[in-house]
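Take a look at the structure below.
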Amino acid sequence: IGEKRKNTGAILLVAPSEREVRIEVGYGLEGELTDATSRTIIERHIVPAFKRGDMNGGVINGTAAILKTLGWR
């Protein structure tokens, strides 16, 4: 995922049964998508939708927030 030589991948991991959400970031994106930013995305965009029972909405919201952070539209 991402550019192999630049290690610019990012993965949104959701394990509903375990109630776990993580954003894993390749070394090439660590300056743009920090652990703190990832935590904020999870807490503000993903978890609220999950608490409403909207798993799809949480994933879509989280993905959109990641892309916005990285400058994609």
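If you're wondering about the labels, chains in the structure tokens are A, B, ... by order shown, residues count from 1 in each chain, ligands from 1 in order shown.
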
Strand (DSSP E or B) per DSSP on the backbone: members of chain A, as number ranges by chain: A: 10-15, 20-25

Could those residues be written to a file, using all heavy atoms, as a PDB file, in the first residue's frame?
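What ended up in part.pdb:
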ATOM      1  N   ALA A  10      -0.970   4.056   4.167  1.00  0.00           N
ATOM      2  CA  ALA A  10      -1.750   4.256   5.391  1.00  0.00           C
ATOM      3  C   ALA A  10      -2.910   3.264   5.348  1.00  0.00           C
ATOM      4  O   ALA A  10      -3.521   3.064   4.300  1.00  0.00           O
ATOM      5  CB  ALA A  10      -2.270   5.674   5.484  1.00  0.00           C
ATOM      6  N   ILE A  11      -3.191   2.645   6.477  1.00  0.00           N
ATOM      7  CA  ILE A  11      -4.258   1.659   6.569  1.00  0.00           C
ATOM      8  C   ILE A  11      -5.145   1.995   7.753  1.00  0.00           C
ATOM      9  O   ILE A  11      -4.655   2.244   8.859  1.00  0.00           O
ATOM     10  CB  ILE A  11      -3.697   0.234   6.761  1.00  0.00           C
ATOM     11  CG1 ILE A  11      -2.801  -0.156   5.587  1.00  0.00           C
ATOM     12  CG2 ILE A  11      -4.824  -0.774   6.923  1.00  0.00           C
ATOM     13  CD1 ILE A  11      -2.097  -1.480   5.789  1.00  0.00           C
ATOM     14  N   LEU A  12      -6.446   1.998   7.518  1.00  0.00           N
ATOM     15  CA  LEU A  12      -7.428   2.152   8.582  1.00  0.00           C
ATOM     16  C   LEU A  12      -7.896   0.755   8.958  1.00  0.00           C
ATOM     17  O   LEU A  12      -8.481   0.053   8.135  1.00  0.00           O
ATOM     18  CB  LEU A  12      -8.602   3.013   8.112  1.00  0.00           C
ATOM     19  CG  LEU A  12      -9.801   3.117   9.054  1.00  0.00           C
ATOM     20  CD1 LEU A  12      -9.388   3.698  10.401  1.00  0.00           C
ATOM     21  CD2 LEU A  12     -10.897   3.954   8.416  1.00  0.00           C
ATOM     22  N   LEU A  13      -7.589   0.333  10.170  1.00  0.00           N
ATOM     23  CA  LEU A  13      -7.952  -1.001  10.646  1.00  0.00           C
ATOM     24  C   LEU A  13      -9.118  -0.905  11.620  1.00  0.00           C
ATOM     25  O   LEU A  13      -9.059  -0.134  12.576  1.00  0.00           O
ATOM     26  CB  LEU A  13      -6.769  -1.656  11.365  1.00  0.00           C
ATOM     27  CG  LEU A  13      -5.515  -1.888  10.529  1.00  0.00           C
ATOM     28  CD1 LEU A  13      -4.349  -2.231  11.439  1.00  0.00           C
ATOM     29  CD2 LEU A  13      -5.758  -2.999   9.542  1.00  0.00           C
ATOM     30  N   VAL A  14     -10.142  -1.696  11.369  1.00  0.00           N
ATOM     31  CA  VAL A  14     -11.307  -1.716  12.241  1.00  0.00           C
ATOM     32  C   VAL A  14     -11.584  -3.164  12.618  1.00  0.00           C
ATOM     33  O   VAL A  14     -11.748  -4.018  11.747  1.00  0.00           O
ATOM     34  CB  VAL A  14     -12.545  -1.110  11.540  1.00  0.00           C
ATOM     35  CG1 VAL A  14     -13.758  -1.169  12.447  1.00  0.00           C
ATOM     36  CG2 VAL A  14     -12.270   0.309  11.091  1.00  0.00           C
ATOM     37  N   ALA A  15     -11.621  -3.432  13.918  1.00  0.00           N
ATOM     38  CA  ALA A  15     -11.960  -4.761  14.439  1.00  0.00           C
ATOM     39  C   ALA A  15     -13.181  -4.588  15.342  1.00  0.00           C
ATOM     40  O   ALA A  15     -13.039  -4.366  16.547  1.00  0.00           O
ATOM     41  CB  ALA A  15     -10.778  -5.346  15.208  1.00  0.00           C
ATOM     42  N   GLU A  20     -11.832  -2.193  18.429  1.00  0.00           N
ATOM     43  CA  GLU A  20     -10.536  -1.561  18.194  1.00  0.00           C
ATOM     44  C   GLU A  20     -10.528  -0.847  16.855  1.00  0.00           C
ATOM     45  O   GLU A  20     -11.075  -1.338  15.872  1.00  0.00           O
ATOM     46  CB  GLU A  20      -9.420  -2.620  18.177  1.00  0.00           C
ATOM     47  CG  GLU A  20      -9.164  -3.288  19.509  1.00  0.00           C
ATOM     48  CD  GLU A  20      -8.402  -2.409  20.467  1.00  0.00           C
ATOM     49  OE1 GLU A  20      -7.633  -1.538  20.021  1.00  0.00           O
ATOM     50  OE2 GLU A  20      -8.579  -2.586  21.679  1.00  0.00           O
ATOM     51  N   VAL A  21      -9.907   0.316  16.825  1.00  0.00           N
ATOM     52  CA  VAL A  21      -9.719   1.091  15.598  1.00  0.00           C
ATOM     53  C   VAL A  21      -8.298   1.628  15.639  1.00  0.00           C
ATOM     54  O   VAL A  21      -7.857   2.162  16.660  1.00  0.00           O
ATOM     55  CB  VAL A  21     -10.699   2.280  15.497  1.00  0.00           C
ATOM     56  CG1 VAL A  21     -10.456   3.066  14.217  1.00  0.00           C
ATOM     57  CG2 VAL A  21     -12.131   1.825  15.585  1.00  0.00           C
ATOM     58  N   ARG A  22      -7.576   1.470  14.522  1.00  0.00           N
ATOM     59  CA  ARG A  22      -6.206   1.983  14.439  1.00  0.00           C
ATOM     60  C   ARG A  22      -5.961   2.536  13.052  1.00  0.00           C
ATOM     61  O   ARG A  22      -6.569   2.087  12.085  1.00  0.00           O
ATOM     62  CB  ARG A  22      -5.191   0.867  14.695  1.00  0.00           C
ATOM     63  CG  ARG A  22      -5.202   0.354  16.098  1.00  0.00           C
ATOM     64  CD  ARG A  22      -4.236  -0.771  16.281  1.00  0.00           C
ATOM     65  NE  ARG A  22      -2.902  -0.357  15.861  1.00  0.00           N
ATOM     66  CZ  ARG A  22      -1.793  -0.880  16.325  1.00  0.00           C
ATOM     67  NH1 ARG A  22      -1.849  -1.833  17.219  1.00  0.00           N
ATOM     68  NH2 ARG A  22      -0.630  -0.484  15.894  1.00  0.00           N
ATOM     69  N   ILE A  23      -5.056   3.466  12.977  1.00  0.00           N
ATOM     70  CA  ILE A  23      -4.556   3.953  11.700  1.00  0.00           C
ATOM     71  C   ILE A  23      -3.052   3.662  11.707  1.00  0.00           C
ATOM     72  O   ILE A  23      -2.323   4.160  12.570  1.00  0.00           O
ATOM     73  CB  ILE A  23      -4.814   5.462  11.511  1.00  0.00           C
ATOM     74  CG1 ILE A  23      -6.320   5.739  11.514  1.00  0.00           C
ATOM     75  CG2 ILE A  23      -4.164   5.948  10.206  1.00  0.00           C
ATOM     76  CD1 ILE A  23      -6.687   7.210  11.514  1.00  0.00           C
ATOM     77  N   GLU A  24      -2.626   2.823  10.779  1.00  0.00           N
ATOM     78  CA  GLU A  24      -1.211   2.481  10.645  1.00  0.00           C
ATOM     79  C   GLU A  24      -0.642   3.288   9.490  1.00  0.00           C
ATOM     80  O   GLU A  24      -1.244   3.359   8.420  1.00  0.00           O
ATOM     81  CB  GLU A  24      -1.036   0.983  10.383  1.00  0.00           C
ATOM     82  CG  GLU A  24      -1.427   0.105  11.553  1.00  0.00           C
ATOM     83  CD  GLU A  24      -0.525   0.280  12.758  1.00  0.00           C
ATOM     84  OE1 GLU A  24       0.677   0.593  12.579  1.00  0.00           O
ATOM     85  OE2 GLU A  24      -1.010   0.120  13.884  1.00  0.00           O
ATOM     86  N   VAL A  25       0.514   3.889   9.716  1.00  0.00           N
ATOM     87  CA  VAL A  25       1.095   4.813   8.748  1.00  0.00           C
ATOM     88  C   VAL A  25       2.525   4.390   8.428  1.00  0.00           C
ATOM     89  O   VAL A  25       3.300   4.089   9.327  1.00  0.00           O
ATOM     90  CB  VAL A  25       1.095   6.250   9.330  1.00  0.00           C
ATOM     91  CG1 VAL A  25       1.710   7.239   8.358  1.00  0.00           C
ATOM     92  CG2 VAL A  25      -0.314   6.662   9.707  1.00  0.00           C
TER      93      VAL A  25
END

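Proximity to Lys4 in chain A at 10 Å, evaluated using only C-alpha atoms and with sequence-adjacent residues fewer than 4 positions away removed, yields Thr8, Gly9, Gly26 and Gly28 of chain A.
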
Determine, counting only C-alpha atoms, which protein, DNA and RNA residues have an atom within 8 Å of an atom of range 56-69 of chain A; residues of the same chain fewer than 2 positions away are not included. Present the result as a PDB file with N, CA and C atoms, in the first residue's frame.
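What landed in around-v5.pdb:
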ATOM      1  N   LEU A  12      -6.446   1.998   7.518  1.00  0.00           N
ATOM      2  CA  LEU A  12      -7.428   2.152   8.582  1.00  0.00           C
ATOM      3  C   LEU A  12      -7.896   0.755   8.958  1.00  0.00           C
ATOM      4  N   GLU A  32       3.269  13.793   8.069  1.00  0.00           N
ATOM      5  CA  GLU A  32       1.978  14.371   7.694  1.00  0.00           C
ATOM      6  C   GLU A  32       0.816  13.783   8.484  1.00  0.00           C
ATOM      7  N   LEU A  33       0.882  12.503   8.754  1.00  0.00           N
ATOM      8  CA  LEU A  33      -0.196  11.812   9.469  1.00  0.00           C
ATOM      9  C   LEU A  33       0.403  11.238  10.756  1.00  0.00           C
ATOM     10  N   SER A  38      -3.759  10.999  13.907  1.00  0.00           N
ATOM     11  CA  SER A  38      -4.521   9.761  13.736  1.00  0.00           C
ATOM     12  C   SER A  38      -5.494   9.553  14.893  1.00  0.00           C
ATOM     13  N   ILE A  41      -8.431  11.896  14.492  1.00  0.00           N
ATOM     14  CA  ILE A  41      -9.346  11.409  13.449  1.00  0.00           C
ATOM     15  C   ILE A  41     -10.226  10.302  14.015  1.00  0.00           C
ATOM     16  N   ILE A  42      -9.625   9.386  14.736  1.00  0.00           N
ATOM     17  CA  ILE A  42     -10.391   8.279  15.320  1.00  0.00           C
ATOM     18  C   ILE A  42     -11.443   8.809  16.299  1.00  0.00           C
ATOM     19  N   HIS A  45     -14.002  11.567  14.209  1.00  0.00           N
ATOM     20  CA  HIS A  45     -14.683  11.217  12.971  1.00  0.00           C
ATOM     21  C   HIS A  45     -15.185   9.776  12.911  1.00  0.00           C
ATOM     22  N   ILE A  46     -14.488   8.875  13.573  1.00  0.00           N
ATOM     23  CA  ILE A  46     -14.832   7.461  13.456  1.00  0.00           C
ATOM     24  C   ILE A  46     -15.692   6.984  14.630  1.00  0.00           C
ATOM     25  N   VAL A  47     -15.197   7.150  15.834  1.00  0.00           N
ATOM     26  CA  VAL A  47     -15.882   6.622  17.019  1.00  0.00           C
ATOM     27  C   VAL A  47     -17.303   7.159  17.188  1.00  0.00           C
ATOM     28  N   PRO A  48     -17.544   8.458  16.976  1.00  0.00           N
ATOM     29  CA  PRO A  48     -18.933   8.924  17.136  1.00  0.00           C
ATOM     30  C   PRO A  48     -19.922   8.198  16.214  1.00  0.00           C
ATOM     31  N   ALA A  49     -19.524   7.947  14.981  1.00  0.00           N
ATOM     32  CA  ALA A  49     -20.404   7.216  14.058  1.00  0.00           C
ATOM     33  C   ALA A  49     -20.582   5.776  14.530  1.00  0.00           C
ATOM     34  N   PHE A  50     -19.514   5.153  14.979  1.00  0.00           N
ATOM     35  CA  PHE A  50     -19.606   3.774  15.481  1.00  0.00           C
ATOM     36  C   PHE A  50     -20.561   3.701  16.670  1.00  0.00           C
ATOM     37  N   ASP A  54     -23.348   3.257  13.173  1.00  0.00           N
ATOM     38  CA  ASP A  54     -23.089   3.504  11.754  1.00  0.00           C
ATOM     39  C   ASP A  54     -21.636   3.154  11.422  1.00  0.00           C
ATOM     40  N   GLY A  71      -3.986  16.050   2.077  1.00  0.00           N
ATOM     41  CA  GLY A  71      -4.101  16.994   0.983  1.00  0.00           C
ATOM     42  C   GLY A  71      -4.825  16.460  -0.232  1.00  0.00           C
ATOM     43  N   TRP A  72      -5.497  15.315  -0.102  1.00  0.00           N
ATOM     44  CA  TRP A  72      -6.301  14.754  -1.194  1.00  0.00           C
ATOM     45  C   TRP A  72      -7.723  15.264  -1.036  1.00  0.00           C
ATOM     46  N   ARG A  73      -8.474  15.243  -2.081  1.00  0.00           N
ATOM     47  CA  ARG A  73      -9.854  15.714  -2.003  1.00  0.00           C
ATOM     48  C   ARG A  73     -10.823  14.591  -2.045  1.00  0.00           C
TER      49      ARG A  73
END

Residues of chain A in alpha helix (DSSP H), written as a PyMOL selection string: chain A and resi 35-41+47-51+55-69

Distance in Å - CA of Arg19 in chain A versus CA of Asp35 in chain A: 18.9 Å

One-decimal distance in Å that lies between CA of Thr37 in chain A and CA of Arg52 in chain A: 22.5 Å

Point-to-point distance from CA of Gly2 in chain A to CA of Leu29 in chain A, Å rounded to tenths: 9.6 Å
